[in-house]
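Next comes upload20.cif, a file with mmCIF, C-alpha atoms.
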data_start
#
loop_
_atom_site.label_atom_id
_atom_site.label_comp_id
_atom_site.auth_asym_id
_atom_site.auth_seq_id
_atom_site.Cartn_x
_atom_site.Cartn_y
_atom_site.Cartn_z
CA MET A 1 98.13 73.61 111.02
CA LYS A 2 95.42 75.94 112.37
CA ALA A 3 93.29 78.16 110.16
CA LEU A 4 90.23 80.37 110.64
CA LEU A 5 87.70 78.92 108.19
CA CYS A 6 84.62 80.28 106.49
CA ARG A 7 82.48 77.28 105.51
CA GLU A 8 79.38 79.26 104.50
CA TYR A 9 78.72 82.88 103.60
CA GLY A 10 76.88 84.65 106.37
CA PRO A 11 77.34 85.92 109.93
CA ILE A 12 80.91 86.51 111.04
CA GLU A 13 80.19 84.63 114.27
CA ARG A 14 80.11 81.36 112.31
CA LEU A 15 83.82 81.50 111.54
CA ALA A 16 85.79 78.86 113.44
CA VAL A 17 89.40 77.83 113.94
CA GLU A 18 90.08 74.31 112.66
CA GLU A 19 92.99 71.95 112.11
CA VAL A 20 93.64 71.56 108.37
CA PRO A 21 96.44 69.99 106.29
CA SER A 22 99.45 72.14 105.51
CA PRO A 23 99.23 73.55 101.96
CA ARG A 24 101.56 72.66 99.13
CA PRO A 25 102.69 75.19 96.51
CA GLY A 26 101.95 75.01 92.81
CA ALA A 27 104.73 75.54 90.29
CA ASN A 28 104.51 79.35 90.50
CA GLU A 29 103.63 79.58 94.19
CA VAL A 30 105.29 79.60 97.58
CA VAL A 31 104.14 78.56 101.03
CA VAL A 32 104.63 81.27 103.64
CA GLU A 33 104.80 80.58 107.37
CA VAL A 34 102.53 83.38 108.54
CA LYS A 35 103.91 85.53 111.34
CA ALA A 36 101.19 88.19 111.17
CA SER A 37 98.16 88.94 109.01
CA SER A 38 96.33 92.24 108.92
CA LEU A 39 92.57 92.57 109.25
CA ASN A 40 90.95 94.77 106.61
CA PHE A 41 87.37 95.92 106.03
CA PRO A 42 87.04 93.81 102.85
CA ASP A 43 87.65 90.70 104.99
CA THR A 44 84.36 91.40 106.78
CA LEU A 45 82.57 91.64 103.42
CA LEU A 46 84.30 88.57 101.97
CA VAL A 47 83.04 86.17 104.64
CA GLN A 48 79.50 87.55 104.31
CA GLY A 49 79.48 87.07 100.53
CA ARG A 50 79.24 90.83 99.98
CA TYR A 51 82.61 91.45 98.32
CA GLN A 52 83.35 91.83 94.58
CA VAL A 53 84.64 88.26 94.45
CA LYS A 54 83.38 85.11 96.17
CA PRO A 55 86.05 82.50 96.91
CA GLU A 56 85.20 78.82 96.69
CA LEU A 57 84.16 77.47 100.09
CA PRO A 58 85.70 76.71 102.50
CA PHE A 59 88.39 79.39 102.71
CA SER A 60 90.31 81.47 105.22
CA PRO A 61 90.02 85.26 105.13
CA GLY A 62 93.13 87.39 105.51
CA MET A 63 94.07 89.44 102.47
CA GLU A 64 97.60 90.48 103.46
CA LEU A 65 100.34 88.95 105.56
CA ALA A 66 103.98 88.91 106.56
CA GLY A 67 106.08 85.86 107.22
CA ILE A 68 108.88 83.55 106.14
CA VAL A 69 109.01 81.51 102.95
CA LYS A 70 108.75 77.84 103.91
CA GLU A 71 108.53 76.12 100.51
CA VAL A 72 108.83 77.23 96.87
CA GLY A 73 107.29 75.87 93.68
CA SER A 74 109.41 74.39 90.91
CA PHE A 75 109.15 77.44 88.61
CA VAL A 76 109.81 80.09 91.27
CA ARG A 77 113.14 81.88 90.84
CA ASP A 78 112.81 85.13 92.83
CA ALA A 79 112.06 83.67 96.26
CA ARG A 80 114.02 81.30 98.47
CA ILE A 81 113.28 79.34 101.62
CA GLY A 82 113.91 81.59 104.61
CA ASP A 83 113.11 84.89 102.85
CA ARG A 84 111.25 87.41 105.03
CA VAL A 85 108.36 88.62 102.92
CA ILE A 86 105.11 90.54 102.78
CA ALA A 87 102.30 89.47 100.47
CA ALA A 88 98.75 90.17 99.38
CA PRO A 89 97.32 86.73 98.59
CA GLY A 90 93.72 87.97 98.58
CA ARG A 91 92.67 85.36 101.14
CA GLY A 92 94.22 82.68 103.32
CA GLY A 93 96.22 84.88 105.67
CA PHE A 94 94.32 83.94 108.84
CA ALA A 95 96.19 80.67 109.14
CA GLN A 96 99.57 79.44 110.27
CA GLU A 97 100.62 78.82 106.65
CA CYS A 98 99.41 80.32 103.38
CA VAL A 99 99.96 79.61 99.69
CA VAL A 100 100.89 82.79 97.79
CA ALA A 101 101.47 83.36 94.08
CA ALA A 102 105.14 84.27 93.67
CA ASP A 103 104.31 87.50 91.84
CA ARG A 104 102.36 88.70 94.89
CA LEU A 105 105.43 88.61 97.16
CA SER A 106 107.59 91.56 98.15
CA PRO A 107 110.61 91.62 100.47
CA LEU A 108 109.88 92.76 104.02
CA PRO A 109 111.42 96.27 104.10
CA PRO A 110 114.64 96.52 106.15
CA GLY A 111 113.98 97.46 109.76
CA MET A 112 110.28 96.61 109.58
CA ASP A 113 108.85 93.92 111.87
CA PHE A 114 106.32 91.34 110.74
CA GLU A 115 103.34 93.08 112.34
CA ALA A 116 104.03 96.39 110.62
CA GLY A 117 104.77 94.52 107.39
CA ALA A 118 101.42 92.77 107.58
CA ALA A 119 99.72 96.18 107.78
CA LEU A 120 101.54 97.72 104.83
CA LEU A 121 100.31 96.37 101.52
CA LEU A 122 96.55 96.75 101.23
CA THR A 123 96.07 100.03 103.04
CA TYR A 124 99.25 101.92 102.18
CA CYS A 125 99.41 100.65 98.61
CA THR A 126 95.74 101.50 98.12
CA SER A 127 96.32 105.00 99.44
CA LEU A 128 99.48 105.62 97.43
CA HIS A 129 97.86 104.33 94.23
CA ALA A 130 94.81 106.48 94.95
CA LEU A 131 96.61 109.71 95.79
CA LYS A 132 99.48 109.47 93.30
CA ASP A 133 98.27 107.44 90.33
CA ARG A 134 94.57 108.31 90.37
CA GLY A 135 94.25 111.59 92.28
CA ASN A 136 97.46 113.26 91.05
CA LEU A 137 97.87 114.90 94.46
CA GLN A 138 100.40 117.72 94.27
CA ARG A 139 102.65 119.44 96.79
CA ASP A 140 100.75 122.08 98.83
CA GLU A 141 97.33 120.88 97.64
CA THR A 142 94.68 120.22 100.27
CA LEU A 143 93.43 116.70 100.90
CA VAL A 144 90.44 115.70 103.04
CA VAL A 145 90.37 112.10 104.28
CA LEU A 146 87.02 110.60 105.27
CA GLY A 147 87.04 107.72 107.74
CA ALA A 148 90.46 109.02 108.66
CA ALA A 149 90.98 106.92 111.79
CA GLY A 150 90.45 103.60 110.00
CA GLY A 151 93.04 101.43 108.29
CA VAL A 152 93.04 103.01 104.83
CA GLY A 153 92.19 106.44 106.20
CA SER A 154 95.13 106.54 108.60
CA SER A 155 97.48 105.45 105.81
CA ALA A 156 96.11 108.23 103.58
CA ILE A 157 96.96 110.80 106.25
CA GLU A 158 100.59 109.67 106.40
CA ILE A 159 100.97 109.39 102.64
CA GLY A 160 99.30 112.75 102.09
CA LYS A 161 101.84 114.34 104.42
CA ALA A 162 104.71 112.42 102.79
CA MET A 163 103.54 113.96 99.49
CA ALA A 164 103.69 117.43 101.10
CA ALA A 165 99.95 118.09 101.04
CA ARG A 166 97.84 119.80 103.67
CA VAL A 167 95.68 117.10 105.25
CA ILE A 168 92.26 117.53 106.84
CA ALA A 169 91.08 114.40 108.68
CA ALA A 170 87.36 113.70 109.06
CA ALA A 171 86.21 111.11 111.60
CA SER A 172 83.81 110.72 114.52
CA GLY A 173 84.70 111.29 118.16
CA GLU A 174 87.45 113.16 119.95
CA ASP A 175 89.61 110.09 120.48
CA LYS A 176 89.67 109.37 116.75
CA LEU A 177 90.39 113.01 115.92
CA ASP A 178 93.28 113.03 118.41
CA PHE A 179 94.59 109.84 116.79
CA CYS A 180 94.49 111.50 113.36
CA LYS A 181 96.40 114.52 114.61
CA GLN A 182 99.07 112.24 116.08
CA LEU A 183 99.48 110.79 112.59
CA GLY A 184 100.16 114.27 111.22
CA ALA A 185 96.77 115.65 110.15
CA ASP A 186 96.85 119.44 110.00
CA GLU A 187 93.15 119.83 110.84
CA ALA A 188 90.40 117.51 112.01
CA ILE A 189 86.61 117.51 111.60
CA ASP A 190 84.08 115.52 113.63
CA TYR A 191 81.58 114.88 110.87
CA GLU A 192 78.96 113.56 113.24
CA LYS A 193 78.86 116.86 115.12
CA SER A 194 79.64 119.31 112.30
CA ASP A 195 78.35 120.19 108.86
CA LEU A 196 81.11 118.50 106.84
CA ARG A 197 80.77 120.71 103.77
CA GLN A 198 80.73 123.93 105.76
CA ARG A 199 83.67 122.95 107.99
CA ILE A 200 85.78 122.07 104.93
CA LEU A 201 84.94 125.41 103.35
CA ASP A 202 85.72 127.22 106.62
CA LEU A 203 89.11 125.51 106.91
CA THR A 204 90.01 126.37 103.30
CA GLY A 205 88.85 129.99 103.33
CA GLY A 206 85.88 129.11 101.13
CA ARG A 207 88.04 127.68 98.34
CA GLY A 208 87.41 123.98 98.98
CA VAL A 209 89.78 121.02 98.87
CA ASP A 210 91.67 119.64 95.90
CA VAL A 211 91.25 115.94 96.66
CA VAL A 212 88.74 113.91 98.69
CA TYR A 213 89.77 110.42 99.80
CA ASP A 214 86.50 108.57 100.45
CA PRO A 215 86.40 105.01 101.81
CA VAL A 216 83.10 105.71 103.61
CA GLY A 217 80.38 106.56 101.09
CA GLY A 218 76.86 107.34 102.28
CA ALA A 219 75.81 110.92 102.90
CA TYR A 220 79.37 112.13 103.46
CA THR A 221 80.28 111.66 99.80
CA GLU A 222 78.04 114.39 98.41
CA ALA A 223 78.88 116.76 101.26
CA ALA A 224 82.61 116.36 100.56
CA LEU A 225 82.13 116.63 96.79
CA ARG A 226 80.26 119.92 97.28
CA ALA A 227 83.27 121.18 99.23
CA THR A 228 85.85 120.54 96.49
CA ALA A 229 87.57 123.36 94.64
CA TRP A 230 87.70 123.99 90.88
CA ARG A 231 88.80 120.70 89.27
CA GLY A 232 88.67 118.91 92.60
CA ARG A 233 88.97 115.12 92.56
CA LEU A 234 86.78 112.73 94.55
CA LEU A 235 88.50 109.36 94.99
CA VAL A 236 86.06 106.48 95.44
CA ILE A 237 87.82 103.94 97.69
CA GLY A 238 84.91 102.01 99.22
CA PHE A 239 81.67 102.13 101.15
CA ALA A 240 82.36 101.38 104.81
CA SER A 241 79.10 103.09 105.77
CA GLY A 242 77.23 100.35 103.93
CA ALA A 243 75.51 102.84 101.62
CA ILE A 244 76.59 103.44 98.02
CA PRO A 245 75.88 107.12 97.22
CA GLU A 246 74.28 108.43 94.06
CA VAL A 247 76.24 111.46 92.88
CA LYS A 248 74.38 114.30 91.19
CA LEU A 249 76.34 114.89 87.99
CA ASN A 250 75.55 118.60 87.88
CA LEU A 251 77.92 118.91 90.86
CA VAL A 252 80.67 117.40 88.72
CA LEU A 253 79.94 119.70 85.79
CA LEU A 254 79.76 122.99 87.68
CA LYS A 255 83.39 123.08 88.79
CA GLU A 256 84.91 120.59 86.34
CA ARG A 257 85.23 118.13 89.18
CA SER A 258 86.26 114.51 88.68
CA VAL A 259 84.88 111.40 90.35
CA VAL A 260 87.66 108.79 90.17
CA GLY A 261 87.37 105.08 90.93
CA VAL A 262 90.20 103.33 92.77
CA TYR A 263 90.48 99.53 92.55
CA TRP A 264 93.99 98.77 93.73
CA GLY A 265 93.65 94.97 93.64
CA ASP A 266 92.81 94.81 89.94
CA TRP A 267 95.34 97.52 89.05
CA THR A 268 98.20 95.46 90.55
CA GLN A 269 97.48 92.73 88.00
CA ARG A 270 97.30 95.22 85.12
CA ASP A 271 100.42 97.17 86.10
CA PRO A 272 102.74 94.99 88.24
CA GLN A 273 105.70 97.30 87.51
CA GLY A 274 103.74 100.25 88.88
CA GLN A 275 102.89 98.25 91.98
CA ARG A 276 106.56 97.38 92.50
CA ARG A 277 107.50 101.05 92.21
CA ASN A 278 104.91 101.96 94.80
CA VAL A 279 106.12 99.31 97.25
CA GLU A 280 109.66 100.63 96.80
CA GLN A 281 108.42 104.16 97.48
CA LEU A 282 106.70 103.02 100.68
CA ALA A 283 109.87 101.24 101.83
CA GLU A 284 111.82 104.46 101.21
CA TRP A 285 109.33 106.54 103.18
CA PHE A 286 109.42 103.99 106.00
CA ALA A 287 113.21 104.25 106.16
CA GLU A 288 112.84 108.04 106.27
CA LYS A 289 110.23 107.69 109.08
CA LYS A 290 107.59 109.45 107.00
CA ILE A 291 105.21 106.52 107.36
CA ARG A 292 104.86 103.92 110.07
CA PRO A 293 102.02 101.40 109.99
CA VAL A 294 99.96 101.78 113.15
CA VAL A 295 99.07 98.45 114.77
CA SER A 296 96.39 99.20 117.34
CA GLU A 297 95.47 95.62 118.32
CA ARG A 298 97.03 92.17 118.21
CA VAL A 299 94.64 89.23 118.32
CA SER A 300 94.80 85.45 117.97
CA LEU A 301 93.00 83.41 115.33
CA GLU A 302 90.30 82.61 117.90
CA GLU A 303 89.85 86.32 118.67
CA ALA A 304 89.74 87.39 115.01
CA PRO A 305 85.94 87.10 114.48
CA ALA A 306 85.24 89.46 117.39
CA ALA A 307 87.80 91.90 115.98
CA MET A 308 86.12 91.67 112.58
CA LEU A 309 82.80 92.65 114.17
CA ARG A 310 84.42 95.66 115.85
CA LEU A 311 85.91 96.69 112.52
CA LEU A 312 82.56 96.27 110.78
CA HIS A 313 80.99 98.63 113.31
CA ARG A 314 83.85 101.14 112.97
CA GLN A 315 85.10 100.64 116.51
CA VAL A 316 88.75 100.23 115.50
CA LYS A 317 91.52 102.81 115.12
CA GLY A 318 94.51 101.97 112.94
CA LYS A 319 95.08 98.31 112.07
CA VAL A 320 94.28 95.01 113.80
CA VAL A 321 96.89 92.30 113.26
CA VAL A 322 96.12 88.60 113.64
CA VAL A 323 99.03 86.60 115.04
CA PRO A 324 98.46 82.86 114.34
#

Here is the file; what I need is its structure written in the form of structure tokens.
Amino acid sequence: MKALLCREYGPIERLAVEEVPSPRPGANEVVVEVKASSLNFPDTLLVQGRYQVKPELPFSPGMELAGIVKEVGSFVRDARIGDRVIAAPGRGGFAQECVVAADRLSPLPPGMDFEAGAALLLTYCTSLHALKDRGNLQRDETLVVLGAAGGVGSSAIEIGKAMAARVIAAASGEDKLDFCKQLGADEAIDYEKSDLRQRILDLTGGRGVDVVYDPVGGAYTEAALRATAWRGRLLVIGFASGAIPEVKLNLVLLKERSVVGVYWGDWTQRDPQGQRRNVEQLAEWFAEKKIRPVVSERVSLEEAPAAMLRLLHRQVKGKVVVVP
């Protein structure tokens, strides 16, 4: 089979497609024939050795996928050959076949194709966990989404609207702002042309927002935190800007604000029942047409490194899906 391999941590350009043996499942694993695998920002960090975990070399990136179960391990009872599934294996998705722990599988929601399924788990589950479980977003509250045109940002817009919140999207460039409005954002801010804090305050009549969804970091974090209302919540999703901000704690004290960490991957292992409930909620919203994963590009394994570079430089709207 073909797989995109990382043989050494470093430049993305060194990734290469190679022929490798087909994998075999362990007792509690399945082999999935990959139909589509979504590209996520952490993939770009993983291959550079800059992510929280460092897989043993060599490995294939690709943290989430959709496909068909090809083979099951001897202890697996909840999956059968031929099942259409989505999964978050953590790595290995940029290949024609991937070994997945059985407890990381979910059924492909009815009516959803493989490409949309491949774009569902990491981004939408991260956003739902962030907004519901960590941010306690309530009906009619105001949410501002930073990096709103990216993969997690665009999912946060849709989930925020599904939760009946008012959503302000912050991104750079008119095309990205138009994209956010098409997803349902009520307002949009170009934070490269505007004072982010002041625009948020203007759009909320000086009150500020209830929740900030921040996958960007850098200078935008403090500006957004300063624009939160009494008991506003800043959700720390990631640092796509490349800069980890240092928050002044007096800003937290003054309005009883909260700075809340969101680490969806680790939470799924600590609360698998909660993760299952969230996947079921997403499937329900999909059936109701409240969410619909946006696939902006489809690329081959050979084209994946170039797509990863575009994602790293924030030149991508929505999700890129790799089709082996």

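Residue nearest Gln273 in chain A, chosen from A:Lys319, A:Leu253, A:Met112, A:Asp103 and counting all atoms listed in the file: A:Asp103.
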
Residue IDs satisfying the PyMOL selection byres ((chain A and resi 293) around 12), as a PyMOL selection string: chain A and resi 38+112-125+150-159+183+282-283+285-286+289-292+294-296+317-321

Selection file, C-alpha atoms, as a short mmCIF file (atom, residue, chain, number, x, y, z; two decimals), in the frame of the given file:
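The resulting part18.cif:
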data_model
loop_
_atom_site.label_atom_id
_atom_site.label_comp_id
_atom_site.auth_asym_id
_atom_site.auth_seq_id
_atom_site.Cartn_x
_atom_site.Cartn_y
_atom_site.Cartn_z
CA SER A 38 96.33 92.24 108.92
CA MET A 112 110.28 96.61 109.58
CA ASP A 113 108.85 93.92 111.87
CA PHE A 114 106.32 91.34 110.74
CA GLU A 115 103.34 93.08 112.34
CA ALA A 116 104.03 96.39 110.62
CA GLY A 117 104.77 94.52 107.39
CA ALA A 118 101.42 92.77 107.58
CA ALA A 119 99.72 96.18 107.78
CA LEU A 120 101.54 97.72 104.83
CA LEU A 121 100.31 96.37 101.52
CA LEU A 122 96.55 96.75 101.23
CA THR A 123 96.07 100.03 103.04
CA TYR A 124 99.25 101.92 102.18
CA CYS A 125 99.41 100.65 98.61
CA GLY A 150 90.45 103.60 110.00
CA GLY A 151 93.04 101.43 108.29
CA VAL A 152 93.04 103.01 104.83
CA GLY A 153 92.19 106.44 106.20
CA SER A 154 95.13 106.54 108.60
CA SER A 155 97.48 105.45 105.81
CA ALA A 156 96.11 108.23 103.58
CA ILE A 157 96.96 110.80 106.25
CA GLU A 158 100.59 109.67 106.40
CA ILE A 159 100.97 109.39 102.64
CA LEU A 183 99.48 110.79 112.59
CA LEU A 282 106.70 103.02 100.68
CA ALA A 283 109.87 101.24 101.83
CA TRP A 285 109.33 106.54 103.18
CA PHE A 286 109.42 103.99 106.00
CA LYS A 289 110.23 107.69 109.08
CA LYS A 290 107.59 109.45 107.00
CA ILE A 291 105.21 106.52 107.36
CA ARG A 292 104.86 103.92 110.07
CA VAL A 294 99.96 101.78 113.15
CA VAL A 295 99.07 98.45 114.77
CA SER A 296 96.39 99.20 117.34
CA LYS A 317 91.52 102.81 115.12
CA GLY A 318 94.51 101.97 112.94
CA LYS A 319 95.08 98.31 112.07
CA VAL A 320 94.28 95.01 113.80
CA VAL A 321 96.89 92.30 113.26
#

Contact residues around Glu302 in chain A with only C-alpha atoms at 12 Å, ignoring same-chain residues under 5 positions, as a ChimeraX atom specification: /A:2-5,13-18,94-95,307-308,322-324

Wanna dump the range 97-151 of chain A-range 263-272 of chain A contacts at 8 Å for me, each residue with its shortest atom pair and the distance in Å to one decimal, counting only C-alpha atoms, ordered by chain and number, as a Markdown table?
| residue | atom | partner | partner_atom | distance |
| --- | --- | --- | --- | --- |
| A:Cys125 | CA | A:Trp264 | CA | 7.5 |
| A:Thr126 | CA | A:Trp264 | CA | 5.5 |
| A:His129 | CA | A:Trp264 | CA | 6.8 |
| A:Ala130 | CA | A:Trp264 | CA | 7.8 |

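The shell of residues at most 10 Å from range 188-195 of chain A, with all atoms listed in the file counted and near chain neighbours (fewer than 5 positions) removed, consists of Val144, Val145, Leu146, Gly147, Ala148, Val167, Ile168, Ala169, Ala170, Ala171, Ser172, Gly173, Glu174, Lys176, Leu177, Asp178, Phe179, Cys180, Lys181, Ile200, Leu203, Tyr220 and Ala223 of chain A.
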
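Residue membership of the PyMOL selection byres ((chain A and resi 89) around 10) in the shown file amounts to A:Pro61, A:Gly62, A:Met63, A:Glu64, A:Leu65, A:Ile86, A:Ala87, A:Ala88, A:Gly90, A:Arg91, A:Gly92, A:Gly93, A:Cys98, A:Val99, A:Val100, A:Ala101, A:Ala102, A:Asp103, A:Arg104, A:Leu105.
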
Selection dump of the PyMOL selection byres ((chain A and resi 131) around 10), as a list in words: Cys125, Thr126, Ser127, Leu128, His129, Ala130, Lys132, Asp133, Arg134, Gly135, Asn136, Leu137, Gln138, Leu143, Ala156, Ile159, Gly160, Met163, Val211, Val212, Tyr213, Arg233, Leu235 and Val262 of chain A

Residue with smallest distance to Leu254 in chain A - pool A:Lys35, A:Arg226, A:Arg197, A:Arg314, counting only C-alpha atoms: A:Arg226

Distance of CA of Ala66 in chain A from CA of Leu108 in chain A, expressed in Å to one decimal place: 7.5 Å

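Within 12 Å of the point (111.3, 79.5, 88.5), and counting all atoms listed in the file, the protein, DNA and RNA residues are Gly26, Ala27, Asn28, Glu29, Val30, Val72, Gly73, Ser74, Phe75, Val76, Arg77, Asp78, Ala79, Arg80, Ala101, Ala102 and Asp103 of chain A.
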
Non-local contacts of Glu56 in chain A (10 Å; only C-alpha atoms; under 3 positions in same chain excluded) as a PyMOL selection string: chain A and resi 6-8+53+59

When you get a chance, write out N, CA and C atoms for range 207-218 of chain A, as an mmCIF file, keeping the file's coordinate frame.
data_model
loop_
_atom_site.group_PDB
_atom_site.id
_atom_site.type_symbol
_atom_site.label_atom_id
_atom_site.label_comp_id
_atom_site.auth_asym_id
_atom_site.auth_seq_id
_atom_site.Cartn_x
_atom_site.Cartn_y
_atom_site.Cartn_z
ATOM 1 N N ARG A 207 87.551 128.187 99.623
ATOM 2 C CA ARG A 207 88.040 127.680 98.340
ATOM 3 C C ARG A 207 87.624 126.224 98.096
ATOM 4 N N GLY A 208 87.656 125.412 99.120
ATOM 5 C CA GLY A 208 87.410 123.980 98.980
ATOM 6 C C GLY A 208 88.710 123.203 98.869
ATOM 7 N N VAL A 209 88.599 121.877 98.907
ATOM 8 C CA VAL A 209 89.780 121.020 98.870
ATOM 9 C C VAL A 209 90.045 120.537 97.450
ATOM 10 N N ASP A 210 91.285 120.128 97.232
ATOM 11 C CA ASP A 210 91.670 119.640 95.900
ATOM 12 C C ASP A 210 91.317 118.170 95.712
ATOM 13 N N VAL A 211 91.474 117.386 96.767
ATOM 14 C CA VAL A 211 91.250 115.940 96.660
ATOM 15 C C VAL A 211 90.470 115.460 97.878
ATOM 16 N N VAL A 212 89.474 114.597 97.629
ATOM 17 C CA VAL A 212 88.740 113.910 98.690
ATOM 18 C C VAL A 212 89.069 112.427 98.604
ATOM 19 N N TYR A 213 89.498 111.848 99.699
ATOM 20 C CA TYR A 213 89.770 110.420 99.800
ATOM 21 C C TYR A 213 88.595 109.814 100.563
ATOM 22 N N ASP A 214 87.777 109.000 99.868
ATOM 23 C CA ASP A 214 86.500 108.570 100.450
ATOM 24 C C ASP A 214 86.354 107.047 100.494
ATOM 25 N N PRO A 215 86.667 106.432 101.639
ATOM 26 C CA PRO A 215 86.400 105.010 101.810
ATOM 27 C C PRO A 215 85.076 104.742 102.527
ATOM 28 N N VAL A 216 84.281 105.799 102.753
ATOM 29 C CA VAL A 216 83.100 105.710 103.610
ATOM 30 C C VAL A 216 81.808 105.622 102.816
ATOM 31 N N GLY A 217 81.619 106.523 101.844
ATOM 32 C CA GLY A 217 80.380 106.560 101.090
ATOM 33 C C GLY A 217 79.254 107.168 101.897
ATOM 34 N N GLY A 218 78.011 106.807 101.561
ATOM 35 C CA GLY A 218 76.860 107.340 102.280
ATOM 36 C C GLY A 218 76.696 108.831 102.047
#
